[in-house]
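Below: the structure, in structure tokens.
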Amino acid sequence: MLVASVISPLAANANQPATPVTQWTAPSDPGAPFRPEAGRLDVALERLALLERRDGIADALREIEDPRIVGVLRSENRRINTELGDLDDRAYRGEVEPFGLDVAVFPVDELRKMFWDDWGQPRSGGRRHQGNDTLAQIGTPLRAIEDSVIVKIGNGGLAGLAITVDGASGSAWFYAHLDSVREDLEVGDRVRAGEVIGTVGDTGNARGAPHLHLQWASDGETWENPFPVLDVLWGGGAPPADESLGPFIGRR
Ligand SMILES: [Zn+2]
């Protein structure tokens, strides 16, 4: 019964009208209030409905073990994340009010293989892997995980073409082995969560093995394992035990 009550609302949601206006919650920044205008409110409600459905999926994934249903839920979660990314793109283009953009999104649109926890694995020269690798085709869009400021755009060495950003949560992020960085991006630019900032590639020491190498420092300085964050963003099953993940869970 639990499964039926969880799944059916999700399945039914796709063609339902948007969430009622009364469920809209005010933006956290009072200096930039969201003012619904004609033609924009639908988008606000669309985003809210997506976030609520994503929360519902996260709750369901804590309860359900049937792999078939878990697969359906994760697939739905990915679709929702794509839709949220599209909304952010529209906000960036000025088509909609930029609201609720402090949500975090999975950075790669399409995976070639499931990512895994490869933090700390041995690397050449006695190094240890300081991030997680996400395999994807060359040219796959790379999205900012959260609202960020571009700190550095580098090209060379083991990392190849790479972007370092400071995120709104206080985290630093390092995206490496890129094929391209969006042409108009410069140091100091602000980007929104979900905004495309470049493409996945195989530059640096990743030649022939295109992937995103991602590093994360929740305090902005010390690299730590980003896998739990990626897992949550992807819609992973296990609820995170680490309090430091707070900024990424249920943020609106
Ligand atoms: Zn790596």
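Letters A, B, ... go to the chains of the structure tokens in the order shown; residues in each chain start at 1; ligands are counted from 1 in the same order.
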Quick one: which chain A residues come within 9 Å of ligand 1, and what is the nearest atom pair for each with the distance in Å to one decimal, counting only C-alpha atoms and all ligand atoms, rows ordered by chain and ascending number, as a tab-separated table?
residue	atom	partner	partner_atom_place_in_ligand_line	distance
A:Asp118	CA	ligand 1	1 (Zn)	8.1
A:Trp119	CA	ligand 1	1 (Zn)	8.3
A:His129	CA	ligand 1	1 (Zn)	6.1
A:Gln130	CA	ligand 1	1 (Zn)	7.0
A:Gly131	CA	ligand 1	1 (Zn)	5.6
A:Asn132	CA	ligand 1	1 (Zn)	5.4
A:Asp133	CA	ligand 1	1 (Zn)	4.6
A:Thr134	CA	ligand 1	1 (Zn)	8.1
A:Ala159	CA	ligand 1	1 (Zn)	8.6
A:Ala176	CA	ligand 1	1 (Zn)	7.9
A:His177	CA	ligand 1	1 (Zn)	8.6
A:Ala206	CA	ligand 1	1 (Zn)	8.4
A:His211	CA	ligand 1	1 (Zn)	7.9
A:Leu212	CA	ligand 1	1 (Zn)	7.2
A:His213	CA	ligand 1	1 (Zn)	4.2
A:Leu214	CA	ligand 1	1 (Zn)	6.7
A:Gln215	CA	ligand 1	1 (Zn)	8.2
Output as a PyMOL selection string all residues of region 75-221 of chain A that backbone DSSP marks as alpha helix (DSSP H).
-> chain A and resi 75-92
Using only C-alpha atoms, the shortest atom-to-atom distance to Arg78 (chain A) among A:Phe106, A:Phe227, A:Trp216, A:Phe115 belongs to A:Phe106
Have a look at A:Pro210, A:Gly201, A:Gly194, A:Gly71 and name the one nearest to Glu83 (chain A); count only C-alpha atoms.
->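 That would be A:Gly194, the residue with the smallest distance to Glu83 (chain A).
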Shell of 9 Å around Asp86 (chain A), only C-alpha atoms, local chain residues under 4 positions omitted, as a list in words =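 Final neighbour list, sorted by chain and number: Asn81, Thr82, Arg90, Ala91, Gly194 and Glu195 of chain A.
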Could the residues in this selection be saved with N, CA and C atoms as a CSV table (one decimal), in the first residue's frame?
chain,number,residue,atom,x,y,z
A,81,ASN,N,15.1,17.2,-12.6
A,81,ASN,CA,16.3,18.0,-12.5
A,81,ASN,C,16.6,18.7,-13.9
A,82,THR,N,16.3,17.9,-15.0
A,82,THR,CA,16.4,18.5,-16.3
A,82,THR,C,15.5,19.7,-16.5
A,90,ARG,N,16.1,29.6,-18.7
A,90,ARG,CA,15.1,30.6,-19.1
A,90,ARG,C,15.3,31.9,-18.2
A,91,ALA,N,15.5,31.6,-16.9
A,91,ALA,CA,15.7,32.8,-16.0
A,91,ALA,C,17.0,33.6,-16.4
A,194,GLY,N,22.5,25.3,-12.3
A,194,GLY,CA,21.8,24.7,-13.5
A,194,GLY,C,22.3,25.3,-14.8
A,195,GLU,N,22.9,26.5,-14.7
A,195,GLU,CA,23.4,27.2,-15.9
A,195,GLU,C,24.5,26.4,-16.6
Could you jot down the CA of Val191 (chain A) to CA of Leu84 (chain A) separation for me, Å, one decimal place?
-> 14.9 Å
Selected residue, from A:Pro228, A:Gly220, A:Gly154, A:Pro67, that lies nearest to Ser171 (chain A) when counting only C-alpha atoms | A:Gly220
Counting only C-alpha atoms, figure out which residue out of A:Ile57, A:Val229, A:Val181, A:Ala193 gets nearest to Glu76 (chain A).
->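 Among the listed residues, A:Ile57 lies closest to Glu76 (chain A).
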Nearest-residue call for Val149 (chain A), choices A:Val108, A:Gly208, A:Arg53, A:Arg190, using only C-alpha atoms = A:Arg190
By how many Å are CA of Glu52 (chain A) and CA of Asp66 (chain A) apart?
->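 Result for CA of Glu52 (chain A) versus CA of Asp66 (chain A): 22.5 Å, one decimal.
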Report the distance between CA of Arg192 (chain A) and CA of Glu224 (chain A) in Å, rounded to one decimal place.
->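 Taking CA of Arg192 (chain A) as the start and CA of Glu224 (chain A) as the end point, the length is 22.9 Å.
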